[in-house]
file model13.pdb (PDB, C-alpha atoms, pLDDT in the B column)
ATOM      1  CA  MET A   1      99.942 -30.331  76.690  1.00 49.00           C
ATOM      2  CA  ASN A   2      97.131 -27.933  75.842  1.00 74.00           C
ATOM      3  CA  GLN A   3      97.902 -24.241  75.784  1.00 87.00           C
ATOM      4  CA  PRO A   4      96.037 -22.040  78.291  1.00 94.00           C
ATOM      5  CA  LEU A   5      92.910 -20.336  77.014  1.00 98.00           C
ATOM      6  CA  LYS A   6      93.834 -16.672  77.339  1.00 98.00           C
ATOM      7  CA  ILE A   7      90.886 -14.392  78.113  1.00 98.00           C
ATOM      8  CA  GLY A   8      91.529 -10.699  78.657  1.00 98.00           C
ATOM      9  CA  PHE A   9      89.224  -8.017  80.065  1.00 98.00           C
ATOM     10  CA  LEU A  10      89.948  -4.356  79.441  1.00 98.00           C
ATOM     11  CA  VAL A  11      89.543  -2.529  82.751  1.00 98.00           C
ATOM     12  CA  PHE A  12      89.558   1.252  83.092  1.00 98.00           C
ATOM     13  CA  PRO A  13      88.664   4.066  85.493  1.00 98.00           C
ATOM     14  CA  ASN A  14      84.942   4.446  86.258  1.00 97.00           C
ATOM     15  CA  MET A  15      84.022   1.129  84.696  1.00 98.00           C
ATOM     16  CA  THR A  16      81.088  -0.933  85.975  1.00 98.00           C
ATOM     17  CA  GLN A  17      82.754  -3.739  87.903  1.00 97.00           C
ATOM     18  CA  LEU A  18      80.006  -6.326  87.368  1.00 98.00           C
ATOM     19  CA  ASP A  19      80.606  -6.058  83.618  1.00 98.00           C
ATOM     20  CA  VAL A  20      83.958  -7.697  84.376  1.00 98.00           C
ATOM     21  CA  ALA A  21      83.292  -9.673  87.542  1.00 97.00           C
ATOM     22  CA  GLY A  22      80.191 -11.450  86.220  1.00 98.00           C
ATOM     23  CA  PRO A  23      81.630 -12.966  83.042  1.00 98.00           C
ATOM     24  CA  ALA A  24      85.101 -13.386  84.558  1.00 98.00           C
ATOM     25  CA  GLU A  25      83.664 -15.545  87.356  1.00 98.00           C
ATOM     26  CA  VAL A  26      81.991 -17.758  84.769  1.00 98.00           C
ATOM     27  CA  LEU A  27      84.860 -17.929  82.277  1.00 98.00           C
ATOM     28  CA  SER A  28      87.521 -18.504  84.940  1.00 98.00           C
ATOM     29  CA  ARG A  29      85.862 -21.859  85.657  1.00 98.00           C
ATOM     30  CA  ILE A  30      86.615 -23.197  82.159  1.00 98.00           C
ATOM     31  CA  PRO A  31      89.375 -25.800  82.482  1.00 97.00           C
ATOM     32  CA  GLY A  32      92.636 -24.272  81.302  1.00 97.00           C
ATOM     33  CA  ALA A  33      91.324 -20.707  81.233  1.00 98.00           C
ATOM     34  CA  GLU A  34      93.717 -17.902  82.152  1.00 98.00           C
ATOM     35  CA  ILE A  35      92.109 -14.555  82.973  1.00 98.00           C
ATOM     36  CA  GLN A  36      93.909 -11.244  82.490  1.00 98.00           C
ATOM     37  CA  MET A  37      92.732  -7.810  83.664  1.00 98.00           C
ATOM     38  CA  VAL A  38      94.424  -5.360  81.327  1.00 98.00           C
ATOM     39  CA  TRP A  39      95.051  -1.625  81.541  1.00 98.00           C
ATOM     40  CA  LYS A  40      97.747   0.889  80.619  1.00 98.00           C
ATOM     41  CA  ASN A  41      99.575   0.272  83.886  1.00 98.00           C
ATOM     42  CA  LEU A  42      99.282  -1.900  86.981  1.00 98.00           C
ATOM     43  CA  ASP A  43      97.864   0.762  89.294  1.00 98.00           C
ATOM     44  CA  PRO A  44      94.525  -0.202  90.876  1.00 98.00           C
ATOM     45  CA  VAL A  45      91.594   0.857  88.684  1.00 98.00           C
ATOM     46  CA  SER A  46      88.696   2.477  90.512  1.00 98.00           C
ATOM     47  CA  ALA A  47      85.293   1.148  89.463  1.00 98.00           C
ATOM     48  CA  ASP A  48      82.047   3.110  89.655  1.00 95.00           C
ATOM     49  CA  ALA A  49      81.004   1.116  92.739  1.00 95.00           C
ATOM     50  CA  GLY A  50      83.753   2.800  94.751  1.00 96.00           C
ATOM     51  CA  PHE A  51      86.310   0.019  94.995  1.00 97.00           C
ATOM     52  CA  SER A  52      89.221  -0.969  92.792  1.00 98.00           C
ATOM     53  CA  ILE A  53      90.238  -3.838  90.546  1.00 97.00           C
ATOM     54  CA  ASN A  54      93.919  -4.674  90.177  1.00 98.00           C
ATOM     55  CA  PRO A  55      95.176  -5.105  86.609  1.00 98.00           C
ATOM     56  CA  THR A  56      97.281  -8.196  85.999  1.00 98.00           C
ATOM     57  CA  ALA A  57      98.833  -7.049  82.718  1.00 98.00           C
ATOM     58  CA  THR A  58      99.565  -3.858  80.809  1.00 98.00           C
ATOM     59  CA  PHE A  59      99.099  -3.214  77.117  1.00 98.00           C
ATOM     60  CA  ASP A  60     102.796  -4.004  76.689  1.00 98.00           C
ATOM     61  CA  THR A  61     102.862  -7.208  78.754  1.00 98.00           C
ATOM     62  CA  CYS A  62      99.486  -8.660  77.798  1.00 98.00           C
ATOM     63  CA  PRO A  63      99.853 -11.932  75.880  1.00 97.00           C
ATOM     64  CA  THR A  64      98.075 -12.550  72.600  1.00 98.00           C
ATOM     65  CA  LEU A  65      94.502 -13.205  73.670  1.00 98.00           C
ATOM     66  CA  ASP A  66      92.097 -15.875  72.489  1.00 98.00           C
ATOM     67  CA  VAL A  67      89.235 -13.703  73.726  1.00 98.00           C
ATOM     68  CA  ILE A  68      89.218  -9.971  74.286  1.00 98.00           C
ATOM     69  CA  CYS A  69      86.317  -8.523  76.247  1.00 98.00           C
ATOM     70  CA  ILE A  70      85.602  -4.826  76.695  1.00 98.00           C
ATOM     71  CA  SER A  71      83.685  -3.995  79.838  1.00 96.00           C
ATOM     72  CA  GLY A  72      81.338  -1.032  80.113  1.00 97.00           C
ATOM     73  CA  GLY A  73      80.348   1.836  82.359  1.00 96.00           C
ATOM     74  CA  MET A  74      80.411   5.587  81.947  1.00 96.00           C
ATOM     75  CA  GLY A  75      84.211   5.521  81.932  1.00 97.00           C
ATOM     76  CA  VAL A  76      84.147   4.044  78.438  1.00 97.00           C
ATOM     77  CA  ILE A  77      83.155   7.425  76.982  1.00 96.00           C
ATOM     78  CA  ALA A  78      86.613   8.823  77.743  1.00 96.00           C
ATOM     79  CA  LEU A  79      88.177   5.936  75.801  1.00 98.00           C
ATOM     80  CA  LEU A  80      86.337   6.424  72.530  1.00 97.00           C
ATOM     81  CA  GLU A  81      89.016   8.805  71.279  1.00 96.00           C
ATOM     82  CA  ASP A  82      91.955   7.353  73.213  1.00 98.00           C
ATOM     83  CA  GLU A  83      94.347   6.217  70.487  1.00 98.00           C
ATOM     84  CA  GLU A  84      96.460   4.115  72.857  1.00 98.00           C
ATOM     85  CA  VAL A  85      93.437   2.122  73.961  1.00 98.00           C
ATOM     86  CA  ILE A  86      92.037   1.778  70.452  1.00 98.00           C
ATOM     87  CA  GLN A  87      95.393   0.589  69.118  1.00 98.00           C
ATOM     88  CA  PHE A  88      95.600  -2.069  71.837  1.00 98.00           C
ATOM     89  CA  VAL A  89      92.046  -3.281  71.186  1.00 98.00           C
ATOM     90  CA  ASN A  90      92.649  -3.481  67.447  1.00 98.00           C
ATOM     91  CA  SER A  91      95.962  -5.301  67.813  1.00 98.00           C
ATOM     92  CA  GLN A  92      94.403  -7.943  70.069  1.00 98.00           C
ATOM     93  CA  ALA A  93      91.285  -8.244  67.916  1.00 98.00           C
ATOM     94  CA  ASP A  94      93.439  -9.075  64.896  1.00 97.00           C
ATOM     95  CA  ASN A  95      94.409 -12.429  66.456  1.00 96.00           C
ATOM     96  CA  ALA A  96      91.566 -13.188  68.872  1.00 98.00           C
ATOM     97  CA  ARG A  97      89.154 -16.038  68.252  1.00 98.00           C
ATOM     98  CA  TYR A  98      86.372 -13.932  69.753  1.00 98.00           C
ATOM     99  CA  VAL A  99      86.023 -10.151  70.032  1.00 98.00           C
ATOM    100  CA  THR A 100      83.481  -9.381  72.718  1.00 98.00           C
ATOM    101  CA  SER A 101      81.977  -6.784  75.023  1.00 98.00           C
ATOM    102  CA  VAL A 102      79.498  -6.240  77.827  1.00 98.00           C
ATOM    103  CA  CYS A 103      77.251  -3.214  78.277  1.00 98.00           C
ATOM    104  CA  THR A 104      78.698   0.009  76.792  1.00 98.00           C
ATOM    105  CA  GLY A 105      81.923  -1.802  75.985  1.00 98.00           C
ATOM    106  CA  SER A 106      80.497  -2.350  72.510  1.00 98.00           C
ATOM    107  CA  LEU A 107      80.783   1.408  71.927  1.00 98.00           C
ATOM    108  CA  LEU A 108      84.554   1.069  72.204  1.00 98.00           C
ATOM    109  CA  LEU A 109      84.529  -1.843  69.765  1.00 98.00           C
ATOM    110  CA  GLY A 110      82.551   0.397  67.446  1.00 98.00           C
ATOM    111  CA  ALA A 111      84.945   3.311  67.884  1.00 98.00           C
ATOM    112  CA  ALA A 112      87.790   0.938  66.990  1.00 98.00           C
ATOM    113  CA  GLY A 113      86.010   0.033  63.753  1.00 98.00           C
ATOM    114  CA  LEU A 114      85.382  -3.538  64.874  1.00 98.00           C
ATOM    115  CA  LEU A 115      81.587  -3.593  64.540  1.00 98.00           C
ATOM    116  CA  GLN A 116      81.217  -2.297  60.993  1.00 98.00           C
ATOM    117  CA  ASP A 117      78.341  -4.275  59.432  1.00 97.00           C
ATOM    118  CA  TYR A 118      77.990  -6.475  62.525  1.00 98.00           C
ATOM    119  CA  LYS A 119      74.904  -6.932  64.666  1.00 98.00           C
ATOM    120  CA  ALA A 120      75.572  -5.894  68.258  1.00 98.00           C
ATOM    121  CA  THR A 121      73.931  -4.941  71.516  1.00 98.00           C
ATOM    122  CA  CYS A 122      74.623  -2.604  74.405  1.00 97.00           C
ATOM    123  CA  HIS A 123      72.971  -1.204  77.527  1.00 97.00           C
ATOM    124  CA  TRP A 124      69.499  -0.107  76.433  1.00 97.00           C
ATOM    125  CA  ALA A 125      70.171   3.562  77.202  1.00 96.00           C
ATOM    126  CA  PHE A 126      73.080   3.714  74.737  1.00 97.00           C
ATOM    127  CA  ARG A 127      72.139   1.070  72.169  1.00 97.00           C
ATOM    128  CA  ASP A 128      71.164   3.524  69.440  1.00 96.00           C
ATOM    129  CA  MET A 129      74.703   4.936  69.423  1.00 97.00           C
ATOM    130  CA  LEU A 130      75.871   1.738  67.762  1.00 98.00           C
ATOM    131  CA  SER A 131      74.245   2.832  64.514  1.00 97.00           C
ATOM    132  CA  ASP A 132      76.633   5.784  64.308  1.00 96.00           C
ATOM    133  CA  MET A 133      79.526   3.307  64.438  1.00 95.00           C
ATOM    134  CA  GLY A 134      78.377   1.169  61.545  1.00 96.00           C
ATOM    135  CA  ALA A 135      76.789  -1.585  63.638  1.00 98.00           C
ATOM    136  CA  GLU A 136      73.234  -2.867  63.544  1.00 98.00           C
ATOM    137  CA  PRO A 137      71.782  -2.447  67.054  1.00 98.00           C
ATOM    138  CA  VAL A 138      69.787  -5.417  68.326  1.00 98.00           C
ATOM    139  CA  ALA A 139      67.615  -5.314  71.435  1.00 97.00           C
ATOM    140  CA  GLU A 140      68.745  -8.672  72.788  1.00 97.00           C
ATOM    141  CA  ARG A 141      70.579  -9.738  75.936  1.00 97.00           C
ATOM    142  CA  ILE A 142      73.295 -11.495  73.903  1.00 98.00           C
ATOM    143  CA  VAL A 143      74.076 -10.960  70.223  1.00 98.00           C
ATOM    144  CA  HIS A 144      76.394 -13.362  68.374  1.00 98.00           C
ATOM    145  CA  ASP A 145      77.479 -12.345  64.867  1.00 98.00           C
ATOM    146  CA  ARG A 146      80.380 -14.375  63.481  1.00 98.00           C
ATOM    147  CA  ASN A 147      83.209 -13.967  65.997  1.00 98.00           C
ATOM    148  CA  ARG A 148      81.688 -10.908  67.644  1.00 98.00           C
ATOM    149  CA  ILE A 149      79.695 -11.567  70.824  1.00 98.00           C
ATOM    150  CA  THR A 150      78.185  -8.611  72.652  1.00 98.00           C
ATOM    151  CA  GLY A 151      76.189  -8.539  75.864  1.00 98.00           C
ATOM    152  CA  GLY A 152      73.608  -6.063  77.086  1.00 98.00           C
ATOM    153  CA  GLY A 153      73.806  -4.013  80.242  1.00 97.00           C
ATOM    154  CA  VAL A 154      75.635  -5.095  83.394  1.00 97.00           C
ATOM    155  CA  THR A 155      73.867  -8.278  84.585  1.00 97.00           C
ATOM    156  CA  ALA A 156      73.613  -9.487  80.983  1.00 97.00           C
ATOM    157  CA  GLY A 157      77.353 -10.075  81.308  1.00 98.00           C
ATOM    158  CA  ILE A 158      76.655 -13.195  83.367  1.00 98.00           C
ATOM    159  CA  ASP A 159      74.441 -14.673  80.642  1.00 98.00           C
ATOM    160  CA  PHE A 160      77.043 -13.575  78.097  1.00 98.00           C
ATOM    161  CA  GLY A 161      79.646 -15.480  80.116  1.00 98.00           C
ATOM    162  CA  PHE A 162      77.691 -18.721  79.916  1.00 98.00           C
ATOM    163  CA  ALA A 163      77.046 -18.309  76.183  1.00 98.00           C
ATOM    164  CA  LEU A 164      80.754 -17.696  75.573  1.00 98.00           C
ATOM    165  CA  ALA A 165      81.732 -20.601  77.832  1.00 98.00           C
ATOM    166  CA  ALA A 166      79.583 -22.884  75.685  1.00 98.00           C
ATOM    167  CA  GLU A 167      81.354 -21.614  72.564  1.00 97.00           C
ATOM    168  CA  LEU A 168      84.792 -22.121  74.075  1.00 98.00           C
ATOM    169  CA  ALA A 169      84.371 -25.344  76.019  1.00 98.00           C
ATOM    170  CA  GLY A 170      81.062 -26.886  75.001  1.00 98.00           C
ATOM    171  CA  GLU A 171      77.585 -26.823  76.466  1.00 98.00           C
ATOM    172  CA  ASP A 172      78.272 -29.569  79.005  1.00 98.00           C
ATOM    173  CA  ILE A 173      81.019 -27.494  80.643  1.00 98.00           C
ATOM    174  CA  ALA A 174      78.900 -24.335  80.520  1.00 98.00           C
ATOM    175  CA  ARG A 175      76.020 -26.156  82.194  1.00 98.00           C
ATOM    176  CA  ALA A 176      78.349 -27.536  84.869  1.00 98.00           C
ATOM    177  CA  ILE A 177      79.658 -24.032  85.589  1.00 98.00           C
ATOM    178  CA  GLN A 178      76.092 -22.759  85.855  1.00 98.00           C
ATOM    179  CA  LEU A 179      75.336 -25.447  88.422  1.00 98.00           C
ATOM    180  CA  VAL A 180      78.476 -24.902  90.502  1.00 98.00           C
ATOM    181  CA  LEU A 181      77.718 -21.166  90.601  1.00 98.00           C
ATOM    182  CA  GLU A 182      74.059 -21.930  91.474  1.00 98.00           C
ATOM    183  CA  TYR A 183      72.948 -19.514  88.775  1.00 98.00           C
ATOM    184  CA  ASP A 184      69.176 -19.868  89.016  1.00 98.00           C
ATOM    185  CA  PRO A 185      67.918 -16.278  89.127  1.00 95.00           C
ATOM    186  CA  GLU A 186      64.548 -15.366  90.590  1.00 95.00           C
ATOM    187  CA  PRO A 187      64.527 -11.549  90.631  1.00 95.00           C
ATOM    188  CA  PRO A 188      62.128  -9.972  93.128  1.00 96.00           C
ATOM    189  CA  PHE A 189      60.877  -7.522  90.474  1.00 96.00           C
ATOM    190  CA  ASP A 190      60.013  -8.060  86.809  1.00 95.00           C
ATOM    191  CA  ASN A 191      61.454  -4.681  85.965  1.00 95.00           C
ATOM    192  CA  GLY A 192      64.715  -5.226  84.079  1.00 95.00           C
ATOM    193  CA  THR A 193      63.915  -3.585  80.733  1.00 95.00           C
ATOM    194  CA  PRO A 194      62.382  -0.243  79.720  1.00 95.00           C
ATOM    195  CA  GLU A 195      59.375  -2.116  78.346  1.00 95.00           C
ATOM    196  CA  LYS A 196      58.631  -3.554  81.792  1.00 96.00           C
ATOM    197  CA  ALA A 197      59.426  -0.497  83.918  1.00 96.00           C
ATOM    198  CA  SER A 198      56.916   2.118  85.015  1.00 96.00           C
ATOM    199  CA  SER A 199      57.234   5.721  83.866  1.00 96.00           C
ATOM    200  CA  ASP A 200      58.221   6.741  87.405  1.00 96.00           C
ATOM    201  CA  THR A 201      61.049   4.192  87.482  1.00 97.00           C
ATOM    202  CA  MET A 202      62.204   5.266  84.018  1.00 95.00           C
ATOM    203  CA  ALA A 203      62.345   8.873  85.157  1.00 96.00           C
ATOM    204  CA  ILE A 204      64.556   7.970  88.117  1.00 96.00           C
ATOM    205  CA  VAL A 205      66.973   5.989  85.942  1.00 96.00           C
ATOM    206  CA  GLN A 206      67.122   8.615  83.206  1.00 94.00           C
ATOM    207  CA  GLY A 207      67.997  11.164  85.866  1.00 95.00           C
ATOM    208  CA  TRP A 208      70.853   8.976  87.090  1.00 95.00           C
ATOM    209  CA  ILE A 209      72.180   8.497  83.553  1.00 92.00           C
ATOM    210  CA  SER A 210      71.960  12.197  82.792  1.00 91.00           C
ATOM    211  CA  ALA A 211      73.848  13.089  85.972  1.00 92.00           C
ATOM    212  CA  ALA A 212      76.542  10.512  85.251  1.00 89.00           C
ATOM    213  CA  SER A 213      76.960  11.830  81.701  1.00 84.00           C
ATOM    214  CA  ASP A 214      77.629  15.429  82.813  1.00 79.00           C
TER     215      ASP A 214
END
call {"tool": "encode", "arguments": {"input": "model13.pdb", "output": "structure tokens"}}
result
Amino acid sequence: MNQPLKIGFLVFPNMTQLDVAGPAEVLSRIPGAEIQMVWKNLDPVSADAGFSINPTATFDTCPTLDVICISGGMGVIALLEDEEVIQFVNSQADNARYVTSVCTGSLLLGAAGLLQDYKATCHWAFRDMLSDMGAEPVAERIVHDRNRITGGGVTAGIDFGFALAAELAGEDIARAIQLVLEYDPEPPFDNGTPEKASSDTMAIVQGWISAASD
């Protein structure tokens, strides 16, 4: 009997829920996959969208993971010097087949010393911070360097999920999951990167990021 494929997402206050929900929806469809939402305790964790996600395991009860994924959002900034969180991430990374992140989650991997001399990506607004953590920032939606897989901002987590599913279960399964989820995006605006956005749109977004960082 095959052992379950244990995939754990670190959840935390003021995270961006789609960083978790997107890839978790994809990866949960892998046959034999077991998804864990992990935090310090089992109290509901409030996401930046205004609703909560319920952890399924604590740092103490979380099993040894095959995949650890760090989600992003402004709440990650408070974790960069949180020794309890960093210790948990490092202990799981020691045994995980894949050490991964979405959006600003890669900053926590960097703070834990897990991206030294690795290529990695992040949300475009924070990507340059990876250099300060010993990583090589790459302006790509998904970056795969050895057993580190990092995704860009928010919606990139869905694409990251399919890429990781192919690594874990093969391309045929990943393609089948894509079909069952009807993932065939046709965005109404071609505006998803700074290079494509107008200066007016950039100004709006930079204002939002500045306000959230205060």
call {"tool": "resolve_selection", "arguments": {"input": "model13.pdb", "expression": "the PyMOL selection byres ((chain A and resi 124) around 12)", "output": "PyMOL selection string"}}
result
chain A and resi 102-104+106+120-123+125-130+137-141+151-154+156+192-195+202+205-206+209
call {"tool": "axis_aligned_box", "arguments": {"input": "model13.pdb", "around": "region 142-150 of chain A", "padding_each_side": "5 Å", "output": "lines of an AutoDock Vina configuration file"}}
result
center_x = 78.3
center_y = -11.5
center_z = 68.7
size_x = 19.9
size_y = 15.8
size_z = 20.4
call {"tool": "resolve_selection", "arguments": {"input": "model13.pdb", "expression": "the PyMOL selection byres ((chain A and resi 43) around 10)", "output": "ChimeraX atom specification"}}
result
/A:39-42,44-46,52-56,58
call {"tool": "atom_distance", "arguments": {"input": "model13.pdb", "atom1": "CA of Asn90 (chain A)", "atom2": "CA of Leu107 (chain A)"}}
result
13.6 Å
call {"tool": "residues_around", "arguments": {"input": "model13.pdb", "residues": "Asp172 (chain A)", "least_positions_apart": "6", "cutoff": "12 Å", "atoms": "all atoms listed in the file", "output": "PyMOL selection string"}}
result
chain A and resi 30+162-163+165-166+178-179
call {"tool": "closest_residue", "arguments": {"input": "model13.pdb", "among": "A:Leu27, A:Ile149, A:Ala21, A:Leu10", "to": "Gly161 (chain A)", "atoms": "only C-alpha atoms"}}
result
A:Leu27
call {"tool": "closest_residue", "arguments": {"input": "model13.pdb", "among": "A:Leu115, A:Val89, A:Ile177, A:Ile204", "to": "Ser28 (chain A)", "atoms": "only C-alpha atoms"}}
result
A:Ile177
call {"tool": "atom_distance", "arguments": {"input": "model13.pdb", "atom1": "CA of Glu186 (chain A)", "atom2": "CA of Thr155 (chain A)"}}
result
13.2 Å
call {"tool": "atom_distance", "arguments": {"input": "model13.pdb", "atom1": "CA of Glu171 (chain A)", "atom2": "CA of Val26 (chain A)"}}
result
13.1 Å
call {"tool": "resolve_selection", "arguments": {"input": "model13.pdb", "expression": "the PyMOL selection byres ((chain A and resi 62) around 10)", "output": "ChimeraX atom specification"}}
result
/A:6,8,36-39,56-61,63-65,88,92
call {"tool": "residues_near_point", "arguments": {"input": "model13.pdb", "point": "(94.4, 0.5, 67.7)", "cutoff": "12 Å", "atoms": "only C-alpha atoms", "output": "VMD selection string"}}
result
chain A and resid 59 79 to 94 108 to 114
call {"tool": "closest_residue", "arguments": {"input": "model13.pdb", "among": "A:Ala24, A:Thr201, A:Arg97, A:Met74", "to": "Asp159 (chain A)", "atoms": "all atoms listed in the file"}}
result
A:Ala24
call {"tool": "closest_residue", "arguments": {"input": "model13.pdb", "among": "A:Val143, A:Asn95, A:Ser101, A:Asn191", "to": "Tyr118 (chain A)", "atoms": "only C-alpha atoms"}}
result
A:Val143
call {"tool": "closest_residue", "arguments": {"input": "model13.pdb", "among": "A:Ile158, A:Ile142, A:Ala212, A:Arg148", "to": "Leu181 (chain A)", "atoms": "all atoms listed in the file"}}
result
A:Ile158
